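Here is the file run19.txt (compact mmCIF, C-alpha atoms).
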```
# COMPACT_ATOMS: atom_id res chain seq x y z
CA MET A 1 -63.38 -16.16 -133.70
CA THR A 2 -65.15 -19.10 -132.00
CA LYS A 3 -68.54 -20.80 -132.50
CA ASP A 4 -70.70 -22.72 -130.01
CA LEU A 5 -72.34 -25.77 -131.67
CA THR A 6 -74.23 -26.84 -128.56
CA GLU A 7 -77.16 -24.46 -129.14
CA GLY A 8 -79.52 -24.17 -132.12
CA LYS A 9 -80.97 -26.53 -134.74
CA PRO A 10 -78.45 -29.28 -135.60
CA LEU A 11 -79.25 -29.23 -139.33
CA THR A 12 -78.69 -25.49 -139.64
CA LEU A 13 -75.49 -25.58 -137.61
CA ILE A 14 -74.10 -28.54 -139.55
CA VAL A 15 -74.82 -27.02 -142.95
CA LYS A 16 -73.34 -23.63 -142.03
CA PHE A 17 -70.27 -25.05 -140.33
CA SER A 18 -69.56 -27.67 -143.01
CA PHE A 19 -70.03 -25.20 -145.87
CA SER A 20 -66.78 -23.36 -145.14
CA ILE A 21 -64.96 -26.66 -144.72
CA LEU A 22 -66.43 -27.91 -148.00
CA LEU A 23 -65.31 -24.81 -149.88
CA GLY A 24 -61.80 -25.34 -148.58
CA LEU A 25 -61.78 -29.03 -149.47
CA LEU A 26 -63.18 -28.32 -152.93
CA PHE A 27 -60.50 -25.75 -153.52
CA GLN A 28 -57.91 -28.22 -152.28
CA GLN A 29 -59.24 -30.86 -154.65
CA PHE A 30 -59.27 -28.30 -157.44
CA TYR A 31 -55.60 -27.79 -156.73
CA ASN A 32 -55.07 -31.58 -156.71
CA ILE A 33 -56.74 -31.84 -160.09
CA VAL A 34 -54.70 -28.98 -161.54
CA ASP A 35 -51.56 -30.44 -159.98
CA THR A 36 -52.29 -33.84 -161.51
CA ALA A 37 -53.24 -32.26 -164.84
CA ILE A 38 -49.94 -30.36 -164.95
CA VAL A 39 -47.99 -33.55 -164.24
CA GLY A 40 -50.00 -35.69 -166.66
CA ARG A 41 -50.22 -33.21 -169.53
CA ALA A 42 -46.72 -31.75 -169.18
CA LEU A 43 -44.77 -34.89 -168.28
CA GLY A 44 -46.94 -37.70 -169.69
CA PRO A 45 -48.79 -40.83 -168.49
CA GLU A 46 -45.73 -42.41 -166.86
CA ALA A 47 -45.14 -39.37 -164.65
CA LEU A 48 -48.82 -39.40 -163.70
CA ALA A 49 -48.55 -43.07 -162.80
CA ALA A 50 -45.37 -42.38 -160.78
CA VAL A 51 -47.17 -39.82 -158.64
CA GLY A 52 -50.43 -41.79 -158.53
CA CYS A 53 -48.90 -45.01 -157.25
CA THR A 54 -47.53 -43.19 -154.19
CA GLY A 55 -51.04 -42.26 -153.07
CA SER A 56 -51.61 -45.27 -150.84
CA VAL A 57 -48.19 -44.86 -149.16
CA CYS A 58 -48.89 -41.17 -148.55
CA PHE A 59 -52.26 -42.12 -147.08
CA LEU A 60 -50.57 -44.71 -144.87
CA LEU A 61 -47.98 -42.41 -143.32
CA LEU A 62 -49.25 -38.87 -143.85
CA GLY A 63 -52.72 -40.08 -142.89
CA PHE A 64 -51.34 -41.09 -139.51
CA CYS A 65 -49.83 -37.62 -139.07
CA ASN A 66 -53.10 -35.93 -140.04
CA GLY A 67 -55.09 -38.25 -137.79
CA VAL A 68 -52.85 -37.67 -134.79
CA SER A 69 -52.87 -33.87 -135.16
CA GLY A 70 -56.64 -33.90 -135.61
CA GLY A 71 -57.16 -36.24 -132.67
CA PHE A 72 -55.15 -33.96 -130.40
CA THR A 73 -57.76 -31.22 -130.89
CA LEU A 74 -60.76 -33.35 -129.85
CA PRO A 75 -60.18 -32.98 -126.07
CA ILE A 76 -59.75 -29.27 -126.76
CA ALA A 77 -63.20 -29.19 -128.41
CA GLN A 78 -64.70 -31.03 -125.43
CA LYS A 79 -63.21 -28.60 -122.91
CA PHE A 80 -64.42 -25.70 -125.04
CA GLY A 81 -67.94 -27.17 -125.02
CA ALA A 82 -67.70 -27.63 -121.24
CA LYS A 83 -66.50 -23.99 -120.89
CA ASP A 84 -63.35 -25.15 -119.03
CA PHE A 85 -61.09 -22.70 -120.86
CA SER A 86 -58.08 -22.90 -118.55
CA LEU A 87 -57.71 -26.66 -118.96
CA MET A 88 -58.42 -26.23 -122.67
CA ARG A 89 -55.38 -23.94 -123.01
CA THR A 90 -53.19 -26.41 -121.14
CA TYR A 91 -54.25 -29.11 -123.60
CA VAL A 92 -53.31 -26.81 -126.50
CA TRP A 93 -49.82 -26.32 -125.04
CA ASN A 94 -49.28 -30.06 -124.55
CA ALA A 95 -50.68 -30.87 -128.00
CA ALA A 96 -48.21 -28.47 -129.63
CA PHE A 97 -45.36 -30.17 -127.76
CA LEU A 98 -46.49 -33.62 -128.94
CA CYS A 99 -46.81 -32.44 -132.55
CA ILE A 100 -43.15 -31.40 -132.52
CA ILE A 101 -42.03 -34.78 -131.16
CA PHE A 102 -44.12 -36.78 -133.62
CA SER A 103 -43.05 -34.67 -136.62
CA VAL A 104 -39.32 -35.17 -135.96
CA VAL A 105 -39.64 -38.94 -135.52
CA PHE A 106 -41.77 -39.41 -138.62
CA THR A 107 -39.68 -37.17 -140.85
CA VAL A 108 -36.50 -39.14 -140.21
CA GLY A 109 -38.11 -42.58 -140.42
CA THR A 110 -40.21 -42.08 -143.54
CA ALA A 111 -37.50 -40.34 -145.57
CA ILE A 112 -35.23 -43.36 -145.07
CA LEU A 113 -37.85 -46.04 -145.75
CA CYS A 114 -39.74 -44.63 -148.77
CA GLY A 115 -37.53 -46.43 -151.34
CA PRO A 116 -37.80 -49.93 -149.84
CA ILE A 117 -41.55 -49.48 -149.36
CA LEU A 118 -42.13 -48.72 -153.05
CA VAL A 119 -39.97 -51.69 -154.09
CA LEU A 120 -42.01 -54.00 -151.83
CA MET A 121 -45.17 -52.64 -153.48
CA ARG A 122 -43.93 -53.91 -156.86
CA THR A 123 -43.88 -50.42 -158.33
CA PRO A 124 -43.16 -50.78 -162.09
CA GLU A 125 -39.46 -50.31 -162.81
CA ARG A 126 -40.02 -47.61 -165.42
CA ILE A 127 -41.66 -45.28 -162.86
CA LEU A 128 -39.81 -46.34 -159.68
CA ASN A 129 -37.14 -43.61 -159.63
CA ASP A 130 -39.69 -40.82 -160.12
CA SER A 131 -41.91 -42.31 -157.43
CA VAL A 132 -39.07 -42.46 -154.88
CA SER A 133 -37.99 -38.90 -155.68
CA TYR A 134 -41.53 -37.58 -155.27
CA LEU A 135 -42.22 -39.45 -152.05
CA ARG A 136 -38.94 -38.57 -150.30
CA ILE A 137 -39.49 -34.83 -150.78
CA ILE A 138 -43.09 -35.11 -149.55
CA PHE A 139 -41.95 -36.92 -146.41
CA LEU A 140 -39.26 -34.31 -145.65
CA GLY A 141 -42.11 -31.80 -145.38
CA ILE A 142 -43.88 -33.66 -142.56
CA PRO A 143 -43.10 -30.99 -139.88
CA PHE A 144 -44.92 -28.39 -141.98
CA LEU A 145 -47.78 -30.84 -142.51
CA PHE A 146 -48.15 -31.20 -138.75
CA LEU A 147 -48.06 -27.43 -138.25
CA TYR A 148 -50.55 -26.71 -141.03
CA ASN A 149 -53.07 -29.38 -140.01
CA PHE A 150 -52.84 -28.84 -136.26
CA ILE A 151 -53.54 -25.11 -136.56
CA ALA A 152 -56.48 -25.73 -138.93
CA ASN A 153 -57.97 -28.45 -136.70
CA LEU A 154 -57.46 -26.30 -133.60
CA MET A 155 -59.42 -23.44 -135.17
CA ARG A 156 -62.24 -25.81 -136.14
CA SER A 157 -62.35 -27.32 -132.63
CA LEU A 158 -63.08 -23.82 -131.35
CA GLY A 159 -65.91 -23.43 -133.86
CA ASP A 160 -64.08 -21.41 -136.55
CA SER A 161 -64.37 -23.17 -139.90
CA LYS A 162 -63.91 -20.03 -142.03
CA THR A 163 -60.34 -19.01 -141.25
CA PRO A 164 -58.86 -22.43 -142.18
CA LEU A 165 -60.69 -22.01 -145.50
CA TYR A 166 -58.80 -18.81 -146.29
CA PHE A 167 -55.43 -20.37 -145.58
CA LEU A 168 -56.36 -23.47 -147.57
CA VAL A 169 -57.26 -21.32 -150.58
CA ALA A 170 -53.97 -19.45 -150.27
CA SER A 171 -52.08 -22.75 -149.99
CA SER A 172 -53.79 -24.18 -153.07
CA ILE A 173 -53.12 -21.12 -155.23
CA LEU A 174 -49.49 -21.06 -154.14
CA ASN A 175 -49.16 -24.77 -154.93
CA ILE A 176 -50.49 -24.34 -158.46
CA LEU A 177 -48.15 -21.42 -159.18
CA LEU A 178 -45.17 -23.31 -157.82
CA ASP A 179 -46.13 -26.40 -159.85
CA LEU A 180 -46.03 -24.36 -163.04
CA PHE A 181 -42.74 -22.75 -162.05
CA PHE A 182 -40.88 -25.90 -160.97
CA ILE A 183 -42.23 -28.16 -163.74
CA ARG A 184 -42.60 -25.80 -166.70
CA VAL A 185 -39.83 -23.27 -166.03
CA CYS A 186 -37.28 -25.23 -163.99
CA SER A 187 -37.96 -28.64 -165.66
CA MET A 188 -37.73 -30.42 -162.30
CA GLY A 189 -40.23 -33.17 -163.21
CA VAL A 190 -42.21 -34.90 -160.47
CA ALA A 191 -39.70 -33.67 -157.86
CA GLY A 192 -40.89 -30.14 -158.67
CA ALA A 193 -44.48 -31.15 -157.94
CA ALA A 194 -43.44 -32.54 -154.55
CA LEU A 195 -41.39 -29.46 -153.67
CA ALA A 196 -44.33 -27.22 -154.59
CA THR A 197 -46.55 -29.19 -152.19
CA VAL A 198 -44.11 -28.85 -149.28
CA ILE A 199 -43.57 -25.11 -149.74
CA SER A 200 -47.30 -24.45 -150.12
CA GLN A 201 -47.88 -26.09 -146.73
CA ALA A 202 -44.94 -24.45 -144.99
CA LEU A 203 -45.70 -20.81 -145.75
CA PRO A 204 -49.46 -20.86 -144.96
CA GLY A 205 -48.71 -22.95 -141.87
CA LEU A 206 -46.36 -20.32 -140.48
CA VAL A 207 -48.72 -17.47 -141.35
CA SER A 208 -51.72 -19.27 -139.81
CA LEU A 209 -49.73 -19.77 -136.60
CA ALA A 210 -49.03 -16.03 -136.42
CA PHE A 211 -52.71 -15.32 -137.09
CA LEU A 212 -53.82 -17.73 -134.35
CA LEU A 213 -51.54 -16.16 -131.75
CA LYS A 214 -52.72 -12.66 -132.61
CA ASN A 215 -56.49 -13.14 -133.00
CA PHE A 216 -57.61 -16.00 -130.74
CA SER A 217 -57.58 -14.27 -127.37
CA ILE A 218 -59.15 -17.33 -125.75
CA LEU A 219 -55.81 -19.12 -126.27
CA LYS A 220 -53.68 -16.54 -124.45
CA MET A 221 -52.06 -18.54 -121.67
CA SER A 222 -50.83 -17.75 -118.22
CA ARG A 223 -47.52 -19.18 -117.03
CA LYS A 224 -49.23 -21.87 -114.92
CA GLU A 225 -51.13 -23.10 -118.01
CA LYS A 226 -47.87 -23.64 -119.93
CA VAL A 227 -47.08 -26.94 -118.25
CA ILE A 228 -46.14 -30.22 -119.95
CA ALA A 229 -47.87 -32.91 -117.91
CA LYS A 230 -47.81 -36.67 -118.43
CA LYS A 231 -51.53 -37.01 -117.70
CA HIS A 232 -52.43 -34.40 -120.32
CA CYS A 233 -50.09 -35.92 -122.90
CA PHE A 234 -51.55 -39.34 -122.18
CA GLU A 235 -55.10 -38.04 -122.63
CA LEU A 236 -54.17 -36.35 -125.92
CA CYS A 237 -52.50 -39.53 -127.15
CA ARG A 238 -55.59 -41.50 -126.13
CA PHE A 239 -57.47 -39.49 -128.73
CA GLY A 240 -54.73 -38.84 -131.27
CA ILE A 241 -52.94 -42.16 -131.67
CA PRO A 242 -56.09 -44.29 -132.28
CA MET A 243 -57.26 -41.68 -134.77
CA GLY A 244 -53.90 -41.80 -136.54
CA LEU A 245 -53.81 -45.59 -136.44
CA GLN A 246 -57.30 -45.68 -137.91
CA TYR A 247 -55.94 -43.91 -140.99
CA SER A 248 -52.82 -46.06 -141.13
CA ILE A 249 -54.62 -49.35 -140.60
CA THR A 250 -57.06 -48.38 -143.34
CA ALA A 251 -54.15 -47.45 -145.58
CA ILE A 252 -52.41 -50.81 -145.12
CA GLY A 253 -55.27 -52.34 -147.05
CA SER A 254 -54.89 -49.61 -149.67
CA VAL A 255 -51.17 -50.41 -150.00
CA ILE A 256 -51.93 -54.12 -150.50
CA LEU A 257 -54.63 -53.26 -153.02
CA GLN A 258 -52.32 -50.80 -154.83
CA SER A 259 -49.59 -53.44 -154.98
CA SER A 260 -52.00 -55.75 -156.80
CA VAL A 261 -53.07 -52.94 -159.12
CA ASN A 262 -49.41 -52.21 -159.92
CA GLY A 263 -49.17 -55.75 -161.23
CA LEU A 264 -51.82 -54.96 -163.84
CA GLY A 265 -49.48 -52.52 -165.62
CA HIS A 266 -48.93 -48.79 -165.77
CA TYR A 267 -51.98 -48.16 -168.00
CA THR A 268 -54.29 -49.49 -165.30
CA VAL A 269 -52.33 -47.56 -162.65
CA THR A 270 -52.85 -44.40 -164.73
CA ALA A 271 -56.58 -45.07 -165.15
CA ILE A 272 -57.17 -45.63 -161.45
CA SER A 273 -54.97 -42.64 -160.53
CA ALA A 274 -57.11 -40.37 -162.71
CA GLY A 275 -60.34 -41.91 -161.41
CA MET A 276 -59.18 -41.50 -157.82
CA LYS A 277 -58.63 -37.77 -158.32
CA ILE A 278 -62.20 -37.36 -159.57
CA ASN A 279 -63.49 -39.49 -156.71
CA MET A 280 -61.63 -37.35 -154.16
CA LEU A 281 -63.19 -34.19 -155.59
CA PHE A 282 -66.76 -35.44 -155.29
CA ALA A 283 -66.11 -37.11 -151.93
CA SER A 284 -65.07 -33.75 -150.44
CA VAL A 285 -68.70 -33.29 -149.36
CA PHE A 286 -68.45 -36.32 -147.10
CA ASP A 287 -65.06 -35.21 -145.80
CA SER A 288 -66.54 -31.85 -144.81
CA PHE A 289 -69.40 -33.58 -142.99
CA GLY A 290 -66.92 -35.80 -141.17
CA LEU A 291 -64.81 -32.87 -139.94
CA THR A 292 -67.99 -31.10 -138.89
CA MET A 293 -69.17 -34.13 -136.94
CA ALA A 294 -65.87 -34.30 -135.04
CA THR A 295 -66.26 -30.74 -133.75
CA TYR A 296 -70.04 -31.02 -133.30
CA GLY A 297 -69.65 -34.31 -131.45
CA GLY A 298 -66.83 -33.01 -129.27
CA GLN A 299 -68.60 -29.84 -128.18
CA ASN A 300 -71.96 -31.50 -127.50
CA THR A 301 -70.33 -34.36 -125.61
CA GLY A 302 -68.48 -31.81 -123.47
CA ALA A 303 -71.82 -30.05 -122.82
CA ALA A 304 -73.51 -33.44 -122.06
CA LYS A 305 -76.18 -32.87 -124.76
CA TYR A 306 -76.32 -36.42 -126.05
CA ASP A 307 -79.65 -36.35 -127.87
CA ARG A 308 -78.19 -33.72 -130.18
CA LEU A 309 -75.60 -36.26 -131.28
CA VAL A 310 -78.26 -38.56 -132.74
CA HIS A 311 -80.14 -35.69 -134.38
CA GLY A 312 -76.95 -34.41 -135.97
CA VAL A 313 -76.08 -37.79 -137.48
CA ARG A 314 -79.58 -38.30 -138.91
CA ASP A 315 -79.65 -34.84 -140.53
CA CYS A 316 -76.20 -35.36 -142.02
CA MET A 317 -77.11 -38.76 -143.51
CA LEU A 318 -80.25 -37.34 -145.10
CA ILE A 319 -78.29 -34.64 -146.92
CA SER A 320 -75.68 -37.21 -147.96
CA ALA A 321 -78.28 -39.54 -149.48
CA VAL A 322 -79.56 -36.80 -151.79
CA TYR A 323 -76.04 -35.81 -152.80
CA SER A 324 -75.04 -39.44 -153.51
CA ILE A 325 -77.78 -39.77 -156.12
CA VAL A 326 -76.77 -36.52 -157.84
CA ALA A 327 -73.07 -37.48 -157.87
CA PHE A 328 -73.72 -40.89 -159.43
CA ALA A 329 -75.83 -39.33 -162.17
CA ALA A 330 -72.98 -36.92 -162.95
CA VAL A 331 -70.36 -39.61 -163.49
CA PHE A 332 -72.79 -41.91 -165.29
CA PHE A 333 -73.35 -39.35 -168.02
CA PHE A 334 -70.05 -37.44 -168.01
CA GLY A 335 -67.51 -39.77 -166.38
CA LYS A 336 -65.25 -40.30 -169.40
CA ASN A 337 -65.11 -36.58 -170.14
CA PHE A 338 -63.44 -35.97 -166.78
CA ILE A 339 -60.43 -38.11 -167.75
CA TYR A 340 -59.40 -35.61 -170.44
CA ILE A 341 -58.63 -33.13 -167.66
CA PHE A 342 -55.52 -35.16 -166.83
CA LEU A 343 -54.38 -36.56 -170.16
CA LYS A 344 -54.29 -35.05 -173.66
CA ASN A 345 -54.80 -38.30 -175.55
CA PRO A 346 -55.76 -41.13 -173.18
CA THR A 347 -55.90 -44.60 -174.68
CA GLU A 348 -59.22 -46.41 -174.95
CA LYS A 349 -58.07 -48.79 -172.22
CA ILE A 350 -57.39 -45.92 -169.81
CA LEU A 351 -60.76 -44.31 -170.57
CA ASP A 352 -62.73 -47.53 -170.13
CA GLU A 353 -61.01 -48.60 -166.91
CA ALA A 354 -61.26 -45.15 -165.33
CA TYR A 355 -64.98 -45.06 -166.15
CA ILE A 356 -65.52 -48.50 -164.58
CA PHE A 357 -63.70 -47.29 -161.46
CA LEU A 358 -65.96 -44.22 -161.19
CA LEU A 359 -69.21 -46.18 -161.59
CA ALA A 360 -68.20 -48.77 -159.01
CA ASN A 361 -67.17 -46.20 -156.40
CA PHE A 362 -69.94 -43.64 -156.92
CA GLY A 363 -72.55 -46.38 -156.80
CA PHE A 364 -71.63 -46.96 -153.14
CA TYR A 365 -71.34 -43.32 -152.11
CA ILE A 366 -73.96 -43.48 -149.37
CA THR A 367 -71.83 -46.10 -147.60
CA LEU A 368 -68.80 -43.78 -147.84
CA ALA A 369 -70.92 -40.97 -146.36
CA ALA A 370 -71.82 -43.18 -143.40
CA VAL A 371 -68.15 -44.06 -142.81
CA ASN A 372 -67.19 -40.39 -142.52
CA ILE A 373 -70.21 -39.23 -140.52
CA TYR A 374 -70.34 -42.03 -137.95
CA ARG A 375 -66.57 -42.42 -137.59
CA PHE A 376 -65.80 -38.77 -136.95
CA MET A 377 -68.79 -38.41 -134.64
CA ILE A 378 -67.56 -41.34 -132.56
CA GLN A 379 -64.10 -39.76 -132.41
CA GLY A 380 -65.52 -36.43 -131.32
CA MET A 381 -67.47 -38.19 -128.58
CA GLY A 382 -64.19 -39.54 -127.20
CA PHE A 383 -64.32 -43.17 -128.35
CA SER A 384 -61.36 -43.12 -130.75
CA ALA A 385 -60.60 -46.80 -130.19
CA PHE A 386 -63.99 -47.74 -131.67
CA SER A 387 -63.27 -45.82 -134.85
CA MET A 388 -59.89 -47.56 -135.07
CA PHE A 389 -61.68 -50.91 -135.32
CA SER A 390 -63.60 -49.61 -138.32
CA GLY A 391 -60.23 -48.86 -139.92
CA LEU A 392 -59.28 -52.48 -139.28
CA ALA A 393 -62.44 -53.59 -141.09
CA GLU A 394 -61.54 -51.41 -144.08
CA MET A 395 -58.02 -52.79 -144.12
CA LEU A 396 -59.22 -56.40 -144.14
CA ALA A 397 -61.68 -55.73 -146.95
CA ARG A 398 -59.16 -53.95 -149.20
CA ALA A 399 -56.46 -56.51 -148.47
CA ALA A 400 -58.81 -59.37 -149.33
CA MET A 401 -59.81 -57.69 -152.57
CA GLY A 402 -56.16 -57.08 -153.46
CA ILE A 403 -55.01 -60.61 -152.65
CA PHE A 404 -57.94 -62.57 -154.07
CA ALA A 405 -60.20 -60.46 -156.30
CA VAL A 406 -57.63 -58.54 -158.37
CA PRO A 407 -55.68 -61.66 -159.51
CA LEU A 408 -58.98 -63.33 -160.45
CA PHE A 409 -60.96 -60.45 -161.96
CA GLY A 410 -58.33 -57.84 -162.85
CA ILE A 411 -59.67 -54.28 -163.03
CA TYR A 412 -63.13 -55.42 -161.87
CA GLY A 413 -61.65 -56.72 -158.64
CA ALA A 414 -59.62 -53.53 -158.14
CA VAL A 415 -62.49 -51.04 -158.53
CA PHE A 416 -64.63 -52.69 -155.85
CA GLY A 417 -61.86 -52.65 -153.24
CA SER A 418 -62.97 -49.40 -151.60
CA PRO A 419 -66.76 -50.07 -151.77
CA ALA A 420 -66.22 -53.41 -150.03
CA ALA A 421 -64.21 -51.60 -147.33
CA TRP A 422 -66.91 -48.96 -146.80
CA VAL A 423 -69.67 -51.55 -146.41
CA LEU A 424 -67.72 -53.63 -143.90
CA ALA A 425 -66.76 -50.54 -141.87
CA ASP A 426 -70.39 -49.39 -141.72
CA CYS A 427 -71.43 -52.76 -140.32
CA PHE A 428 -69.31 -51.90 -137.29
CA LEU A 429 -69.64 -48.10 -137.08
CA ILE A 430 -73.42 -47.68 -137.10
CA PRO A 431 -74.20 -49.96 -134.13
CA ALA A 432 -71.03 -48.70 -132.39
CA PHE A 433 -72.31 -45.11 -132.52
CA TYR A 434 -75.58 -45.95 -130.78
CA HIS A 435 -73.68 -48.03 -128.23
CA CYS A 436 -71.45 -45.01 -127.47
CA VAL A 437 -74.45 -42.70 -127.04
CA LYS A 438 -76.04 -45.20 -124.67
CA LYS A 439 -72.80 -45.46 -122.71
CA LEU A 440 -72.54 -41.66 -122.34
CA LYS A 441 -76.14 -41.39 -121.14
CA SER A 442 -75.60 -44.19 -118.61
CA ALA A 443 -72.47 -42.50 -117.25
CA LYS A 444 -74.37 -39.21 -116.87
CA ARG A 445 -77.14 -40.90 -114.85
CA ILE A 446 -74.53 -42.42 -112.52
```
Show how you would write the structure in this file as structure tokens.
Amino acid sequence: MTKDLTEGKPLTLIVKFSFSILLGLLFQQFYNIVDTAIVGRALGPEALAAVGCTGSVCFLLLGFCNGVSGGFTLPIAQKFGAKDFSLMRTYVWNAAFLCIIFSVVFTVGTAILCGPILVLMRTPERILNDSVSYLRIIFLGIPFLFLYNFIANLMRSLGDSKTPLYFLVASSILNILLDLFFIRVCSMGVAGAALATVISQALPGLVSLAFLLKNFSILKMSRKEKVIAKKHCFELCRFGIPMGLQYSITAIGSVILQSSVNGLGHYTVTAISAGMKINMLFASVFDSFGLTMATYGGQNTGAAKYDRLVHGVRDCMLISAVYSIVAFAAVFFFGKNFIYIFLKNPTEKILDEAYIFLLANFGFYITLAAVNIYRFMIQGMGFSAFSMFSGLAEMLARAAMGIFAVPLFGIYGAVFGSPAAWVLADCFLIPAFYHCVKKLKSAKRI
């Protein structure tokens, strides 16, 4: 059930490993599109806006949870690459303990604060109640989010990118069916969409845990390996917390930007919400490369094969450049047609503003590719703090666009918020990567 990424041609390994991840992400985005389409077409534009305007808050808080659980598995990948399997299992035990602690704290805190956060974001009054209802249910499902993501990231850290795909597909299908049941049959509105999301993470998360315990013999622990140690928890937090903060710091800028967008009215919120769903679908390719780089970087760093790190990044960027051109051509010619997936009769304003959003974002796709590839590689190499600084750069760029550009230029200021963030982050990440490689090589010589 495991895969060694320290041997073989980097390009071949990256393509094969990322393909399973990509299929899973595409299926997840397909679910997101269907989920959004059900909300938008069954409940109307205001319901779509109510769900859409919570996206930045979800990214802020759930992104931290995802980042922490993913960061916990990076030392595991390094020990796997170094063939130190006993210490690897001890890290798994301590990481599971930390996931439980973090999930309890975040569930209580976020469920209480979701209402005040949305009010501070100037969420339009006509969609505020639906937004709070949706967000509170999502936050109550944080323990299942931790379970689901930790198991998937743990499997990937051991070189298995296929099994998480199967559980992701099952989760997505379940979510769609539950959406239809809760919204169409039970008439639960946006709360039904949130409940469907939580249940579709809980059940596959529990099943994947049972599968992991049964099939990954490399994780079978002796009694002496089941020890909670401060030094191991500290090392896991050294990877996990900066990775989580990187997501949260990035999301603070998104929250500020979203707050400014909310001031433009619910039609603009609807347009950007629809455009964001399309963007997330196409950007799944870069997400899959990023997750691949984290495992690839972790295993090769553990094996002290540093030249392979540079080769892997170069091969990944080459593939991304070709894809970026194809993706931009697709939205240039068919961008407006995609909006009809979410709304039966979108207004001309919604169509035009969503199309502007797509052109602005897709035109800078190669910079988004670099953010994912270099950032996750740096994290896999063990320099999570460096990647956190790139999140700070993204936050500053989005915040500046929200505070200054949106009031001055309206929708045109809003759509360039993310591209500005990607460019600024790349200015830090690219030289930081080569600095980290140099630092690893110097430490090896010593």
Worksheet item: Got a sec: who's within 8 Å of Leu351 in chain A, counting only C-alpha atoms, leaving out chain neighbours fewer than 4 positions off, as a PyMOL selection string?
Response: chain A and resi 271+336+339+346-347+355
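Taking CA of Thr54 in chain A as the reference point, CA of Gly189 in chain A is found at 15.3 Å.
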Discussion item. For a test of reading the model, state the distance in Å between CA of Phe85 in chain A and CA of His232 in chain A, rounded to one decimal.
Written reply: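 Between CA of Phe85 in chain A and CA of His232 in chain A the gap works out to 14.6 Å.
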Practice prompt. Write out as a ChimeraX atom specification the residues lying within 10 Å of range 251-263 of chain A, counting all atoms listed in the file and excluding same-chain residues fewer than 3 positions away.
Written response: /A:49,52-61,63-64,117-124,245-248,266-270,272,391-407,410-411,413-415,417-418,421
Practice prompt. Identify which of the residues A:Gln29, A:Ser217, A:Asn66, A:Thr367 lies closest to Ser171 in chain A, counting only C-alpha atoms when measuring atom-to-atom distances.
Written response: A:Gln29
Worksheet item: How many Å lie between CA of Ala294 in chain A and CA of Ile378 in chain A, rounded to one decimal?
Response: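 Rounded to one decimal, the two atoms are 7.7 Å apart.
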Response to the item:
Counting all atoms listed in the file, closest pick from A:Leu195, A:Ala152, A:Leu206, A:Leu140 relative to Leu113 in chain A is A:Leu140
Discussion item. When you look at Lys3 in chain A with a cut-off of 8 Å (counting only C-alpha atoms), what residues show up, excluding the ones that are within fewer than 4 positions of it in the same chain? I need them as a count of residues only.
Written reply: 3
Worksheet item: Using all atoms listed in the file, which residues sit within 12 Å of Asn94 in chain A once same-chain residues fewer than 6 positions away are excluded, as a list of chain:residue names?
Response: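 Using all atoms listed in the file, the neighbours found are A:Ser69, A:Phe72, A:Thr73, A:Pro75, A:Ile76, A:Leu87, A:Met88, A:Ile100, A:Ile101, A:Glu225, A:Lys226, A:Val227, A:Ile228, A:Ala229, A:Lys230, A:Lys231, A:His232, A:Cys233, A:Phe234, A:Glu235, A:Leu236, A:Cys237.
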Item to complete: Could you pull out every residue with an atom within 9 Å of (-50.0, -24.7, -158.4), file coordinates, counting only C-alpha atoms, and send them as an NGL selection string?
Response: :A and (31-32 or 34-35 or 38 or 171-181 or 193 or 196-197 or 200)
Could you take the residues named above and write them with C-alpha atoms, as a tab-separated table (two decimals), keeping the file's coordinate frame?
```tsv
chain	number	residue	atom	x	y	z
A	31	TYR	CA	-55.60	-27.79	-156.73
A	32	ASN	CA	-55.07	-31.58	-156.71
A	34	VAL	CA	-54.70	-28.98	-161.54
A	35	ASP	CA	-51.56	-30.44	-159.98
A	38	ILE	CA	-49.94	-30.36	-164.95
A	171	SER	CA	-52.08	-22.75	-149.99
A	172	SER	CA	-53.79	-24.18	-153.07
A	173	ILE	CA	-53.12	-21.12	-155.23
A	174	LEU	CA	-49.49	-21.06	-154.14
A	175	ASN	CA	-49.16	-24.77	-154.93
A	176	ILE	CA	-50.49	-24.34	-158.46
A	177	LEU	CA	-48.15	-21.42	-159.18
A	178	LEU	CA	-45.17	-23.31	-157.82
A	179	ASP	CA	-46.13	-26.40	-159.85
A	180	LEU	CA	-46.03	-24.36	-163.04
A	181	PHE	CA	-42.74	-22.75	-162.05
A	193	ALA	CA	-44.48	-31.15	-157.94
A	196	ALA	CA	-44.33	-27.22	-154.59
A	197	THR	CA	-46.55	-29.19	-152.19
A	200	SER	CA	-47.30	-24.45	-150.12
```
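Counting all atoms listed in the file and comparing A:Ala304, A:Ala327, A:Leu318, A:Leu135, the residue that lies closest to Lys444 in chain A is A:Ala304.
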Excluding Ala360 in chain A and any residue of its chain fewer than 4 positions from it, enumerate the residues within 9 Å of it, using all atoms listed in the file, and give them as an mmCIF file with C-alpha atoms, in the coordinates of the input.
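New file selection-v5.cif:
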```
data_model
loop_
_atom_site.group_PDB
_atom_site.id
_atom_site.type_symbol
_atom_site.label_atom_id
_atom_site.label_comp_id
_atom_site.auth_asym_id
_atom_site.auth_seq_id
_atom_site.Cartn_x
_atom_site.Cartn_y
_atom_site.Cartn_z
ATOM 1 C CA TYR A 355 -64.980 -45.060 -166.150
ATOM 2 C CA ILE A 356 -65.520 -48.500 -164.580
ATOM 3 C CA PHE A 364 -71.630 -46.960 -153.140
ATOM 4 C CA TYR A 412 -63.130 -55.420 -161.870
ATOM 5 C CA VAL A 415 -62.490 -51.040 -158.530
ATOM 6 C CA PHE A 416 -64.630 -52.690 -155.850
ATOM 7 C CA PRO A 419 -66.760 -50.070 -151.770
#
```
